Structures are given as structure tokens and as C-alpha cells.
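Structure data (mmCIF, N, CA and C atoms, pLDDT in the B column; chains and numbers go by the auth columns) from my_file.cif:
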```cif
data_entry
#
loop_
_atom_site.group_PDB
_atom_site.id
_atom_site.type_symbol
_atom_site.label_atom_id
_atom_site.label_comp_id
_atom_site.label_asym_id
_atom_site.label_seq_id
_atom_site.Cartn_x
_atom_site.Cartn_y
_atom_site.Cartn_z
_atom_site.B_iso_or_equiv
_atom_site.auth_seq_id
_atom_site.auth_asym_id
ATOM 1 N N MET A 1 143.973 100.954 56.415 78.00 1 C
ATOM 2 C CA MET A 1 142.659 101.291 55.916 78.00 1 C
ATOM 3 C C MET A 1 141.947 102.106 56.987 78.00 1 C
ATOM 4 N N GLU A 2 141.266 103.128 56.540 77.00 2 C
ATOM 5 C CA GLU A 2 140.482 103.999 57.420 77.00 2 C
ATOM 6 C C GLU A 2 139.046 103.992 56.928 77.00 2 C
ATOM 7 N N GLN A 3 138.120 104.095 57.832 77.00 3 C
ATOM 8 C CA GLN A 3 136.717 104.146 57.430 77.00 3 C
ATOM 9 C C GLN A 3 136.009 105.205 58.251 77.00 3 C
ATOM 10 N N GLY A 4 135.298 106.096 57.564 76.00 4 C
ATOM 11 C CA GLY A 4 134.514 107.125 58.235 76.00 4 C
ATOM 12 C C GLY A 4 133.044 106.765 58.178 76.00 4 C
ATOM 13 N N ILE A 5 132.458 106.500 59.324 76.00 5 C
ATOM 14 C CA ILE A 5 131.035 106.156 59.398 76.00 5 C
ATOM 15 C C ILE A 5 130.348 107.248 60.206 76.00 5 C
ATOM 16 N N PRO A 6 129.429 107.975 59.595 72.00 6 C
ATOM 17 C CA PRO A 6 128.802 109.097 60.291 72.00 6 C
ATOM 18 C C PRO A 6 127.800 108.661 61.356 72.00 6 C
ATOM 19 N N LEU A 7 127.717 109.478 62.388 77.00 7 C
ATOM 20 C CA LEU A 7 126.703 109.254 63.418 77.00 7 C
ATOM 21 C C LEU A 7 125.389 109.910 63.029 77.00 7 C
ATOM 22 N N GLN A 8 125.482 110.890 62.125 75.00 8 C
ATOM 23 C CA GLN A 8 124.296 111.558 61.599 75.00 8 C
ATOM 24 C C GLN A 8 124.303 111.410 60.079 75.00 8 C
ATOM 25 N N PRO A 9 123.140 111.292 59.445 71.00 9 C
ATOM 26 C CA PRO A 9 123.089 111.040 57.999 71.00 9 C
ATOM 27 C C PRO A 9 123.689 112.166 57.142 71.00 9 C
ATOM 28 N N ASN A 10 123.799 113.385 57.638 73.00 10 C
ATOM 29 C CA ASN A 10 124.309 114.494 56.829 73.00 10 C
ATOM 30 C C ASN A 10 125.840 114.611 56.874 73.00 10 C
ATOM 31 N N LEU A 11 126.528 113.758 57.626 73.00 11 C
ATOM 32 C CA LEU A 11 127.980 113.788 57.719 73.00 11 C
ATOM 33 C C LEU A 11 128.603 112.927 56.618 73.00 11 C
ATOM 34 N N LEU A 12 129.911 113.083 56.392 74.00 12 C
ATOM 35 C CA LEU A 12 130.608 112.406 55.301 74.00 12 C
ATOM 36 C C LEU A 12 130.903 110.937 55.618 74.00 12 C
ATOM 37 N N THR A 13 130.788 110.091 54.589 81.00 13 C
ATOM 38 C CA THR A 13 131.104 108.670 54.689 81.00 13 C
ATOM 39 C C THR A 13 132.200 108.362 53.682 81.00 13 C
ATOM 40 N N PHE A 14 133.271 107.670 54.112 84.00 14 C
ATOM 41 C CA PHE A 14 134.348 107.354 53.179 84.00 14 C
ATOM 42 C C PHE A 14 135.141 106.138 53.643 84.00 14 C
ATOM 43 N N ASN A 15 135.894 105.553 52.716 89.00 15 C
ATOM 44 C CA ASN A 15 136.869 104.502 52.989 89.00 15 C
ATOM 45 C C ASN A 15 138.182 104.962 52.376 89.00 15 C
ATOM 46 N N ARG A 16 139.279 104.881 53.141 89.00 16 C
ATOM 47 C CA ARG A 16 140.601 105.298 52.654 89.00 16 C
ATOM 48 C C ARG A 16 141.548 104.103 52.752 89.00 16 C
ATOM 49 N N PHE A 17 142.240 103.832 51.640 93.00 17 C
ATOM 50 C CA PHE A 17 143.226 102.763 51.588 93.00 17 C
ATOM 51 C C PHE A 17 144.577 103.379 51.251 93.00 17 C
ATOM 52 N N LYS A 18 145.629 103.056 52.020 93.00 18 C
ATOM 53 C CA LYS A 18 146.981 103.556 51.773 93.00 18 C
ATOM 54 C C LYS A 18 147.961 102.389 51.765 93.00 18 C
ATOM 55 N N PHE A 19 149.026 102.509 50.964 94.00 19 C
ATOM 56 C CA PHE A 19 150.049 101.475 50.972 94.00 19 C
ATOM 57 C C PHE A 19 151.432 102.099 50.822 94.00 19 C
ATOM 58 N N LEU A 20 152.450 101.350 51.225 94.00 20 C
ATOM 59 C CA LEU A 20 153.846 101.760 51.120 94.00 20 C
ATOM 60 C C LEU A 20 154.682 100.520 50.853 94.00 20 C
ATOM 61 N N ALA A 21 155.527 100.592 49.838 97.00 21 C
ATOM 62 C CA ALA A 21 156.459 99.506 49.543 97.00 21 C
ATOM 63 C C ALA A 21 157.837 100.122 49.366 97.00 21 C
ATOM 64 N N SER A 22 158.863 99.452 49.875 97.00 22 C
ATOM 65 C CA SER A 22 160.228 99.966 49.726 97.00 22 C
ATOM 66 C C SER A 22 161.198 98.811 49.545 97.00 22 C
ATOM 67 N N LYS A 23 162.308 99.123 48.883 98.00 23 C
ATOM 68 C CA LYS A 23 163.335 98.121 48.644 98.00 23 C
ATOM 69 C C LYS A 23 164.688 98.817 48.615 98.00 23 C
ATOM 70 N N GLY A 24 165.662 98.246 49.307 97.00 24 C
ATOM 71 C CA GLY A 24 167.015 98.782 49.327 97.00 24 C
ATOM 72 C C GLY A 24 168.009 97.746 48.836 97.00 24 C
ATOM 73 N N VAL A 25 169.018 98.205 48.079 98.00 25 C
ATOM 74 C CA VAL A 25 170.030 97.311 47.526 98.00 25 C
ATOM 75 C C VAL A 25 171.402 97.934 47.734 98.00 25 C
ATOM 76 N N LYS A 26 172.331 97.165 48.239 97.00 26 C
ATOM 77 C CA LYS A 26 173.696 97.647 48.419 97.00 26 C
ATOM 78 C C LYS A 26 174.438 97.479 47.094 97.00 26 C
ATOM 79 N N LEU A 27 175.021 98.577 46.599 95.00 27 C
ATOM 80 C CA LEU A 27 175.775 98.570 45.349 95.00 27 C
ATOM 81 C C LEU A 27 177.218 98.970 45.653 95.00 27 C
ATOM 82 N N GLY A 28 178.032 98.006 46.026 94.00 28 C
ATOM 83 C CA GLY A 28 179.400 98.319 46.449 94.00 28 C
ATOM 84 C C GLY A 28 179.342 99.114 47.741 94.00 28 C
ATOM 85 N N PRO A 29 180.003 100.278 47.787 94.00 29 C
ATOM 86 C CA PRO A 29 179.937 101.105 49.003 94.00 29 C
ATOM 87 C C PRO A 29 178.649 101.936 49.077 94.00 29 C
ATOM 88 N N ALA A 30 177.919 102.032 47.969 96.00 30 C
ATOM 89 C CA ALA A 30 176.698 102.849 47.916 96.00 30 C
ATOM 90 C C ALA A 30 175.473 102.013 48.281 96.00 30 C
ATOM 91 N N PHE A 31 174.361 102.710 48.536 97.00 31 C
ATOM 92 C CA PHE A 31 173.100 102.052 48.856 97.00 31 C
ATOM 93 C C PHE A 31 171.990 102.712 48.052 97.00 31 C
ATOM 94 N N PHE A 32 171.252 101.923 47.252 97.00 32 C
ATOM 95 C CA PHE A 32 170.147 102.414 46.426 97.00 32 C
ATOM 96 C C PHE A 32 168.835 102.002 47.066 97.00 32 C
ATOM 97 N N THR A 33 167.947 102.964 47.275 96.00 33 C
ATOM 98 C CA THR A 33 166.646 102.698 47.881 96.00 33 C
ATOM 99 C C THR A 33 165.544 103.270 47.000 96.00 33 C
ATOM 100 N N SER A 34 164.450 102.539 46.877 96.00 34 C
ATOM 101 C CA SER A 34 163.306 102.991 46.092 96.00 34 C
ATOM 102 C C SER A 34 162.035 102.786 46.911 96.00 34 C
ATOM 103 N N TRP A 35 161.122 103.747 46.840 94.00 35 C
ATOM 104 C CA TRP A 35 159.852 103.699 47.571 94.00 35 C
ATOM 105 C C TRP A 35 158.689 103.898 46.602 94.00 35 C
ATOM 106 N N LEU A 36 157.588 103.251 46.874 95.00 36 C
ATOM 107 C CA LEU A 36 156.350 103.437 46.134 95.00 36 C
ATOM 108 C C LEU A 36 155.238 103.575 47.160 95.00 36 C
ATOM 109 N N THR A 37 154.536 104.694 47.134 91.00 37 C
ATOM 110 C CA THR A 37 153.421 104.924 48.049 91.00 37 C
ATOM 111 C C THR A 37 152.202 105.342 47.236 91.00 37 C
ATOM 112 N N GLY A 38 151.048 105.106 47.784 92.00 38 C
ATOM 113 C CA GLY A 38 149.835 105.516 47.100 92.00 38 C
ATOM 114 C C GLY A 38 148.611 105.204 47.932 92.00 38 C
ATOM 115 N N GLY A 39 147.487 105.487 47.348 93.00 39 C
ATOM 116 C CA GLY A 39 146.240 105.216 48.034 93.00 39 C
ATOM 117 C C GLY A 39 145.053 105.739 47.261 93.00 39 C
ATOM 118 N N SER A 40 143.902 105.454 47.767 94.00 40 C
ATOM 119 C CA SER A 40 142.661 105.889 47.133 94.00 40 C
ATOM 120 C C SER A 40 141.586 106.074 48.202 94.00 40 C
ATOM 121 N N ILE A 41 140.695 106.991 47.941 91.00 41 C
ATOM 122 C CA ILE A 41 139.569 107.257 48.844 91.00 41 C
ATOM 123 C C ILE A 41 138.276 107.071 48.060 91.00 41 C
ATOM 124 N N VAL A 42 137.373 106.309 48.632 89.00 42 C
ATOM 125 C CA VAL A 42 136.058 106.089 48.027 89.00 42 C
ATOM 126 C C VAL A 42 135.032 106.726 48.946 89.00 42 C
ATOM 127 N N GLY A 43 134.192 107.580 48.379 85.00 43 C
ATOM 128 C CA GLY A 43 133.158 108.234 49.163 85.00 43 C
ATOM 129 C C GLY A 43 133.362 109.735 49.208 85.00 43 C
ATOM 130 N N SER A 44 132.651 110.394 50.098 82.00 44 C
ATOM 131 C CA SER A 44 132.704 111.846 50.248 82.00 44 C
ATOM 132 C C SER A 44 133.715 112.205 51.325 82.00 44 C
ATOM 133 N N ILE A 45 134.637 113.118 50.987 82.00 45 C
ATOM 134 C CA ILE A 45 135.652 113.529 51.959 82.00 45 C
ATOM 135 C C ILE A 45 135.690 115.046 52.065 82.00 45 C
ATOM 136 N N ALA A 46 136.166 115.514 53.194 80.00 46 C
ATOM 137 C CA ALA A 46 136.436 116.942 53.357 80.00 46 C
ATOM 138 C C ALA A 46 137.767 117.234 52.662 80.00 46 C
ATOM 139 N N PRO A 47 137.980 118.440 52.134 82.00 47 C
ATOM 140 C CA PRO A 47 139.222 118.754 51.410 82.00 47 C
ATOM 141 C C PRO A 47 140.501 118.486 52.207 82.00 47 C
ATOM 142 N N HIS A 48 140.483 118.685 53.520 82.00 48 C
ATOM 143 C CA HIS A 48 141.692 118.453 54.310 82.00 48 C
ATOM 144 C C HIS A 48 142.027 116.969 54.473 82.00 48 C
ATOM 145 N N GLN A 49 141.123 116.079 54.079 84.00 49 C
ATOM 146 C CA GLN A 49 141.375 114.647 54.168 84.00 49 C
ATOM 147 C C GLN A 49 141.943 114.071 52.872 84.00 49 C
ATOM 148 N N ALA A 50 142.065 114.879 51.828 87.00 50 C
ATOM 149 C CA ALA A 50 142.600 114.410 50.550 87.00 50 C
ATOM 150 C C ALA A 50 144.084 114.092 50.685 87.00 50 C
ATOM 151 N N PHE A 51 144.605 113.261 49.773 88.00 51 C
ATOM 152 C CA PHE A 51 146.033 112.966 49.750 88.00 51 C
ATOM 153 C C PHE A 51 146.775 114.203 49.260 88.00 51 C
ATOM 154 N N ALA A 52 147.768 114.643 50.007 86.00 52 C
ATOM 155 C CA ALA A 52 148.564 115.819 49.642 86.00 52 C
ATOM 156 C C ALA A 52 149.893 115.359 49.049 86.00 52 C
ATOM 157 N N ILE A 53 150.239 115.870 47.864 86.00 53 C
ATOM 158 C CA ILE A 53 151.506 115.518 47.222 86.00 53 C
ATOM 159 C C ILE A 53 152.415 116.733 47.259 86.00 53 C
ATOM 160 N N GLY A 54 153.593 116.533 47.810 86.00 54 C
ATOM 161 C CA GLY A 54 154.572 117.600 47.999 86.00 54 C
ATOM 162 C C GLY A 54 155.084 117.539 49.411 86.00 54 C
ATOM 163 N N GLY A 55 156.284 118.061 49.630 85.00 55 C
ATOM 164 C CA GLY A 55 156.868 118.043 50.965 85.00 55 C
ATOM 165 C C GLY A 55 157.985 117.024 51.071 85.00 55 C
ATOM 166 N N PRO A 56 158.636 116.950 52.216 81.00 56 C
ATOM 167 C CA PRO A 56 159.816 116.098 52.367 81.00 56 C
ATOM 168 C C PRO A 56 159.554 114.605 52.238 81.00 56 C
ATOM 169 N N SER A 57 158.335 114.155 52.457 75.00 57 C
ATOM 170 C CA SER A 57 158.060 112.722 52.362 75.00 57 C
ATOM 171 C C SER A 57 157.603 112.280 50.975 75.00 57 C
ATOM 172 N N SER A 58 157.383 113.229 50.032 78.00 58 C
ATOM 173 C CA SER A 58 156.987 112.812 48.684 78.00 58 C
ATOM 174 C C SER A 58 157.797 113.541 47.611 78.00 58 C
ATOM 175 N N VAL A 59 157.601 114.838 47.439 80.00 59 C
ATOM 176 C CA VAL A 59 158.319 115.592 46.409 80.00 59 C
ATOM 177 C C VAL A 59 159.123 116.685 47.101 80.00 59 C
ATOM 178 N N ARG A 60 160.410 116.433 47.286 80.00 60 C
ATOM 179 C CA ARG A 60 161.270 117.385 47.993 80.00 60 C
ATOM 180 C C ARG A 60 161.372 118.694 47.216 80.00 60 C
ATOM 181 N N GLY A 61 161.504 119.783 47.954 87.00 61 C
ATOM 182 C CA GLY A 61 161.613 121.096 47.337 87.00 61 C
ATOM 183 C C GLY A 61 160.281 121.808 47.219 87.00 61 C
ATOM 184 N N TYR A 62 159.205 121.127 47.507 89.00 62 C
ATOM 185 C CA TYR A 62 157.865 121.716 47.468 89.00 62 C
ATOM 186 C C TYR A 62 157.249 121.632 48.856 89.00 62 C
ATOM 187 N N GLY A 63 156.351 122.548 49.159 89.00 63 C
ATOM 188 C CA GLY A 63 155.640 122.509 50.428 89.00 63 C
ATOM 189 C C GLY A 63 154.622 121.384 50.451 89.00 63 C
ATOM 190 N N GLU A 64 154.174 121.016 51.632 86.00 64 C
ATOM 191 C CA GLU A 64 153.164 119.964 51.798 86.00 64 C
ATOM 192 C C GLU A 64 151.908 120.315 51.010 86.00 64 C
ATOM 193 N N GLY A 65 151.551 119.488 50.035 85.00 65 C
ATOM 194 C CA GLY A 65 150.366 119.704 49.220 85.00 65 C
ATOM 195 C C GLY A 65 150.542 120.699 48.085 85.00 65 C
ATOM 196 N N ALA A 66 151.755 121.247 47.882 88.00 66 C
ATOM 197 C CA ALA A 66 151.979 122.266 46.848 88.00 66 C
ATOM 198 C C ALA A 66 151.915 121.693 45.431 88.00 66 C
ATOM 199 N N VAL A 67 152.245 120.415 45.254 87.00 67 C
ATOM 200 C CA VAL A 67 152.204 119.799 43.924 87.00 67 C
ATOM 201 C C VAL A 67 150.762 119.469 43.551 87.00 67 C
ATOM 202 N N GLY A 68 149.980 119.039 44.505 86.00 68 C
ATOM 203 C CA GLY A 68 148.581 118.717 44.230 86.00 68 C
ATOM 204 C C GLY A 68 147.966 117.921 45.365 86.00 68 C
ATOM 205 N N SER A 69 146.687 117.670 45.231 87.00 69 C
ATOM 206 C CA SER A 69 145.980 116.832 46.196 87.00 69 C
ATOM 207 C C SER A 69 144.773 116.225 45.488 87.00 69 C
ATOM 208 N N GLY A 70 144.264 115.141 46.037 87.00 70 C
ATOM 209 C CA GLY A 70 143.119 114.502 45.413 87.00 70 C
ATOM 210 C C GLY A 70 142.710 113.246 46.147 87.00 70 C
ATOM 211 N N GLN A 71 141.770 112.527 45.549 91.00 71 C
ATOM 212 C CA GLN A 71 141.231 111.328 46.176 91.00 71 C
ATOM 213 C C GLN A 71 142.076 110.094 45.902 91.00 71 C
ATOM 214 N N SER A 72 142.986 110.155 44.937 92.00 72 C
ATOM 215 C CA SER A 72 143.888 109.040 44.647 92.00 72 C
ATOM 216 C C SER A 72 145.276 109.594 44.370 92.00 72 C
ATOM 217 N N CYS A 73 146.303 108.821 44.714 89.00 73 C
ATOM 218 C CA CYS A 73 147.667 109.258 44.412 89.00 73 C
ATOM 219 C C CYS A 73 148.582 108.056 44.297 89.00 73 C
ATOM 220 N N LEU A 74 149.670 108.252 43.552 91.00 74 C
ATOM 221 C CA LEU A 74 150.730 107.267 43.410 91.00 74 C
ATOM 222 C C LEU A 74 152.025 108.051 43.318 91.00 74 C
ATOM 223 N N VAL A 75 152.951 107.830 44.252 88.00 75 C
ATOM 224 C CA VAL A 75 154.210 108.555 44.306 88.00 75 C
ATOM 225 C C VAL A 75 155.348 107.548 44.378 88.00 75 C
ATOM 226 N N SER A 76 156.347 107.725 43.519 91.00 76 C
ATOM 227 C CA SER A 76 157.527 106.876 43.522 91.00 76 C
ATOM 228 C C SER A 76 158.747 107.754 43.701 91.00 76 C
ATOM 229 N N LYS A 77 159.708 107.305 44.498 89.00 77 C
ATOM 230 C CA LYS A 77 160.949 108.045 44.660 89.00 77 C
ATOM 231 C C LYS A 77 162.093 107.071 44.852 89.00 77 C
ATOM 232 N N SER A 78 163.280 107.489 44.406 93.00 78 C
ATOM 233 C CA SER A 78 164.491 106.673 44.535 93.00 78 C
ATOM 234 C C SER A 78 165.618 107.548 45.056 93.00 78 C
ATOM 235 N N GLU A 79 166.568 106.890 45.727 93.00 79 C
ATOM 236 C CA GLU A 79 167.669 107.623 46.336 93.00 79 C
ATOM 237 C C GLU A 79 168.927 106.759 46.290 93.00 79 C
ATOM 238 N N LEU A 80 170.044 107.392 45.937 96.00 80 C
ATOM 239 C CA LEU A 80 171.330 106.717 45.942 96.00 80 C
ATOM 240 C C LEU A 80 172.206 107.390 46.981 96.00 80 C
ATOM 241 N N ALA A 81 172.594 106.664 48.014 96.00 81 C
ATOM 242 C CA ALA A 81 173.419 107.199 49.086 96.00 81 C
ATOM 243 C C ALA A 81 174.848 106.673 48.905 96.00 81 C
ATOM 244 N N ILE A 82 175.799 107.614 48.797 96.00 82 C
ATOM 245 C CA ILE A 82 177.199 107.270 48.598 96.00 82 C
ATOM 246 C C ILE A 82 177.993 107.839 49.777 96.00 82 C
ATOM 247 N N PRO A 83 178.715 106.992 50.498 94.00 83 C
ATOM 248 C CA PRO A 83 179.501 107.499 51.629 94.00 83 C
ATOM 249 C C PRO A 83 180.646 108.400 51.142 94.00 83 C
ATOM 250 N N LEU A 84 180.922 109.476 51.856 93.00 84 C
ATOM 251 C CA LEU A 84 181.979 110.403 51.481 93.00 84 C
ATOM 252 C C LEU A 84 183.330 110.003 52.033 93.00 84 C
ATOM 253 N N VAL A 85 183.351 109.168 53.016 85.00 85 C
ATOM 254 C CA VAL A 85 184.616 108.756 53.635 85.00 85 C
ATOM 255 C C VAL A 85 184.885 107.303 53.391 85.00 85 C
#
```
Show me the file's structure as C-alpha cells.
Amino acid sequence: MEQGIPLQPNLLTFNRFKFLASKGVKLGPAFFTSWLTGGSIVGSIAPHQAFAIGGPSSVRGYGEGAVGSGQSCLVSKSELAIPLV
């Protein structure tokens, strides 16, 4: 959790909550992993403080923030890793 408390009344005030949950399961020689991340911001924020969706940690193949951005987000991803040898 993050909290922005201004020193001057004209500055932005906000509360940011973020979470991450993950689970991995071994399926024979393979390994299945799933992640759920998200968060929400309450209050006034500068555009660069918004949640950015896109990039290697959320939506692969897109640049950081290329999919979208906003005050709330929920991203889920899954991966199946199979050994080649």
C-alpha cells in the first residue's frame, strides 16, 4: 500500500493498493504456473502514477503501458513450462 499525503494543499492526495498471487503445480515433467495481479488507486493521481498494462511483466509482445493504463487493473497470466531434454 502506498499513500501520497501532500505538504501543500494544491498537491495530489492518493492511496494505492497492489496485490500479487501466484500458484505453481508440477504436471509430470512439466510445470504450470498462474499469476493474478491487480490494484486500485483512490484519489487524485498524476498520469505517470497510473497502472500500466503491457510489457514483459503483464502482456508480452506489447510495450510498457501500450495496452492501457488507469486507476484500477486486474491482470491474469498462465504459463506451461515443458523441459526439452
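Applied to this file, the PyMOL selection byres (((chain C and resi 1 and name CA) around 8) and name CA) selects the residues Glu2, Gln3, Asn15, Arg16, Phe17 and Lys18 of chain C.
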Next on the checklist: For the PyMOL selection byres ((chain C and resi 35) around 7), applied here, can you spell out every residue it catches as a PyMOL selection string?
Outcome noted: chain C and resi 20-23+33-34+36-37+75-79
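As for atom CA of C:Thr13 and atom CA of C:Gly43, they are spaced 5.9 Å apart.
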Checklist entry - Could you name the residues that touch C:Ala66 at 9 Å or less, counting only C-alpha atoms, but leaving out those on the same chain fewer than 6 positions away, as a PyMOL selection string? => result chain C and resi 52-55
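Rounded to one decimal, atom C of C:Pro6 and atom CA of C:Phe19 lie 25.6 Å from each other.
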Next on the checklist: DSSP on the backbone, strand (DSSP E) only: what residues of chain C does that give? Format it as a ChimeraX atom specification.
Outcome noted: /C:2-4,14-27,30-43,51-53,68-70,72-81
Item to check | Residues returned when the PyMOL selection byres (((chain C and resi 72 and name CA) around 6) and name CA) runs on this file, as a list in words | outcome: Gly39, Ser40, Gly70, Gln71 and Cys73 of chain C
Checklist entry - What does the distance between atom C of C:Val25 and atom CA of C:Pro83 come to in Å, to one decimal place? => result 13.1 Å
Checklist entry - Any idea what's packed within 8 Å of C:Leu12, counting all atoms listed in the file, ignoring anything in its chain fewer than 3 positions away? Could you give it as a VMD selection string? => result chain C and resid 4 to 9 15 43 to 46
Checklist entry - Which is closest to C:Gly38 among C:Pro56, C:Ser69, C:Phe14, C:Leu84, if we use only C-alpha atoms? => result C:Ser69
Please write out, as lines of an AutoDock Vina configuration file, where the centre of an axis-aligned box around all listed atoms of stretch 21-26 of chain C lies and how long its edges are, in Å to one decimal, after adding 3 Å on each side.
```
center_x = 165.0
center_y = 98.9
center_z = 48.5
size_x = 24.9
size_y = 9.4
size_z = 8.8
```
Coords for stretch 9-31 of chain C, N, CA and C atoms, as a PDB file, in the first residue's frame:
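See part18.pdb below for the written result:
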```pdb
ATOM      1  N   PRO C   9      -1.610  22.155   0.126  1.00  0.00           N
ATOM      2  CA  PRO C   9      -2.982  21.759  -0.216  1.00  0.00           C
ATOM      3  C   PRO C   9      -3.231  21.592  -1.725  1.00  0.00           C
ATOM      4  N   ASN C  10      -2.435  22.188  -2.593  1.00  0.00           N
ATOM      5  CA  ASN C  10      -2.679  22.100  -4.035  1.00  0.00           C
ATOM      6  C   ASN C  10      -2.035  20.862  -4.676  1.00  0.00           C
ATOM      7  N   LEU C  11      -1.326  20.038  -3.911  1.00  0.00           N
ATOM      8  CA  LEU C  11      -0.691  18.836  -4.431  1.00  0.00           C
ATOM      9  C   LEU C  11      -1.658  17.653  -4.372  1.00  0.00           C
ATOM     10  N   LEU C  12      -1.329  16.563  -5.071  1.00  0.00           N
ATOM     11  CA  LEU C  12      -2.213  15.406  -5.190  1.00  0.00           C
ATOM     12  C   LEU C  12      -2.198  14.527  -3.936  1.00  0.00           C
ATOM     13  N   THR C  13      -3.375  13.994  -3.589  1.00  0.00           N
ATOM     14  CA  THR C  13      -3.532  13.073  -2.469  1.00  0.00           C
ATOM     15  C   THR C  13      -4.097  11.770  -3.011  1.00  0.00           C
ATOM     16  N   PHE C  14      -3.489  10.624  -2.650  1.00  0.00           N
ATOM     17  CA  PHE C  14      -3.997   9.350  -3.149  1.00  0.00           C
ATOM     18  C   PHE C  14      -3.600   8.200  -2.231  1.00  0.00           C
ATOM     19  N   ASN C  15      -4.293   7.075  -2.382  1.00  0.00           N
ATOM     20  CA  ASN C  15      -3.954   5.807  -1.746  1.00  0.00           C
ATOM     21  C   ASN C  15      -3.889   4.771  -2.857  1.00  0.00           C
ATOM     22  N   ARG C  16      -2.817   3.968  -2.886  1.00  0.00           N
ATOM     23  CA  ARG C  16      -2.648   2.933  -3.914  1.00  0.00           C
ATOM     24  C   ARG C  16      -2.512   1.580  -3.216  1.00  0.00           C
ATOM     25  N   PHE C  17      -3.312   0.616  -3.683  1.00  0.00           N
ATOM     26  CA  PHE C  17      -3.263  -0.743  -3.165  1.00  0.00           C
ATOM     27  C   PHE C  17      -2.898  -1.676  -4.312  1.00  0.00           C
ATOM     28  N   LYS C  18      -1.902  -2.555  -4.119  1.00  0.00           N
ATOM     29  CA  LYS C  18      -1.487  -3.524  -5.133  1.00  0.00           C
ATOM     30  C   LYS C  18      -1.426  -4.914  -4.512  1.00  0.00           C
ATOM     31  N   PHE C  19      -1.708  -5.942  -5.321  1.00  0.00           N
ATOM     32  CA  PHE C  19      -1.583  -7.303  -4.823  1.00  0.00           C
ATOM     33  C   PHE C  19      -1.038  -8.217  -5.913  1.00  0.00           C
ATOM     34  N   LEU C  20      -0.489  -9.350  -5.496  1.00  0.00           N
ATOM     35  CA  LEU C  20       0.047 -10.368  -6.393  1.00  0.00           C
ATOM     36  C   LEU C  20      -0.196 -11.728  -5.761  1.00  0.00           C
ATOM     37  N   ALA C  21      -0.764 -12.639  -6.534  1.00  0.00           N
ATOM     38  CA  ALA C  21      -0.956 -14.014  -6.078  1.00  0.00           C
ATOM     39  C   ALA C  21      -0.439 -14.934  -7.171  1.00  0.00           C
ATOM     40  N   SER C  22       0.227 -16.013  -6.780  1.00  0.00           N
ATOM     41  CA  SER C  22       0.738 -16.965  -7.772  1.00  0.00           C
ATOM     42  C   SER C  22       0.645 -18.379  -7.226  1.00  0.00           C
ATOM     43  N   LYS C  23       0.552 -19.323  -8.158  1.00  0.00           N
ATOM     44  CA  LYS C  23       0.466 -20.727  -7.785  1.00  0.00           C
ATOM     45  C   LYS C  23       1.127 -21.555  -8.878  1.00  0.00           C
ATOM     46  N   GLY C  24       1.962 -22.502  -8.479  1.00  0.00           N
ATOM     47  CA  GLY C  24       2.625 -23.396  -9.418  1.00  0.00           C
ATOM     48  C   GLY C  24       2.295 -24.843  -9.105  1.00  0.00           C
ATOM     49  N   VAL C  25       2.117 -25.652 -10.160  1.00  0.00           N
ATOM     50  CA  VAL C  25       1.775 -27.061  -9.998  1.00  0.00           C
ATOM     51  C   VAL C  25       2.634 -27.888 -10.942  1.00  0.00           C
ATOM     52  N   LYS C  26       3.235 -28.932 -10.434  1.00  0.00           N
ATOM     53  CA  LYS C  26       4.031 -29.825 -11.268  1.00  0.00           C
ATOM     54  C   LYS C  26       3.087 -30.831 -11.924  1.00  0.00           C
ATOM     55  N   LEU C  27       3.147 -30.916 -13.258  1.00  0.00           N
ATOM     56  CA  LEU C  27       2.314 -31.839 -14.025  1.00  0.00           C
ATOM     57  C   LEU C  27       3.229 -32.810 -14.769  1.00  0.00           C
ATOM     58  N   GLY C  28       3.619 -33.879 -14.107  1.00  0.00           N
ATOM     59  CA  GLY C  28       4.590 -34.801 -14.703  1.00  0.00           C
ATOM     60  C   GLY C  28       5.923 -34.088 -14.838  1.00  0.00           C
ATOM     61  N   PRO C  29       6.511 -34.088 -16.041  1.00  0.00           N
ATOM     62  CA  PRO C  29       7.781 -33.369 -16.230  1.00  0.00           C
ATOM     63  C   PRO C  29       7.578 -31.861 -16.430  1.00  0.00           C
ATOM     64  N   ALA C  30       6.342 -31.439 -16.683  1.00  0.00           N
ATOM     65  CA  ALA C  30       6.046 -30.023 -16.944  1.00  0.00           C
ATOM     66  C   ALA C  30       5.697 -29.296 -15.648  1.00  0.00           C
ATOM     67  N   PHE C  31       5.686 -27.962 -15.727  1.00  0.00           N
ATOM     68  CA  PHE C  31       5.329 -27.129 -14.584  1.00  0.00           C
ATOM     69  C   PHE C  31       4.366 -26.049 -15.052  1.00  0.00           C
TER      70      PHE C  31
END
```
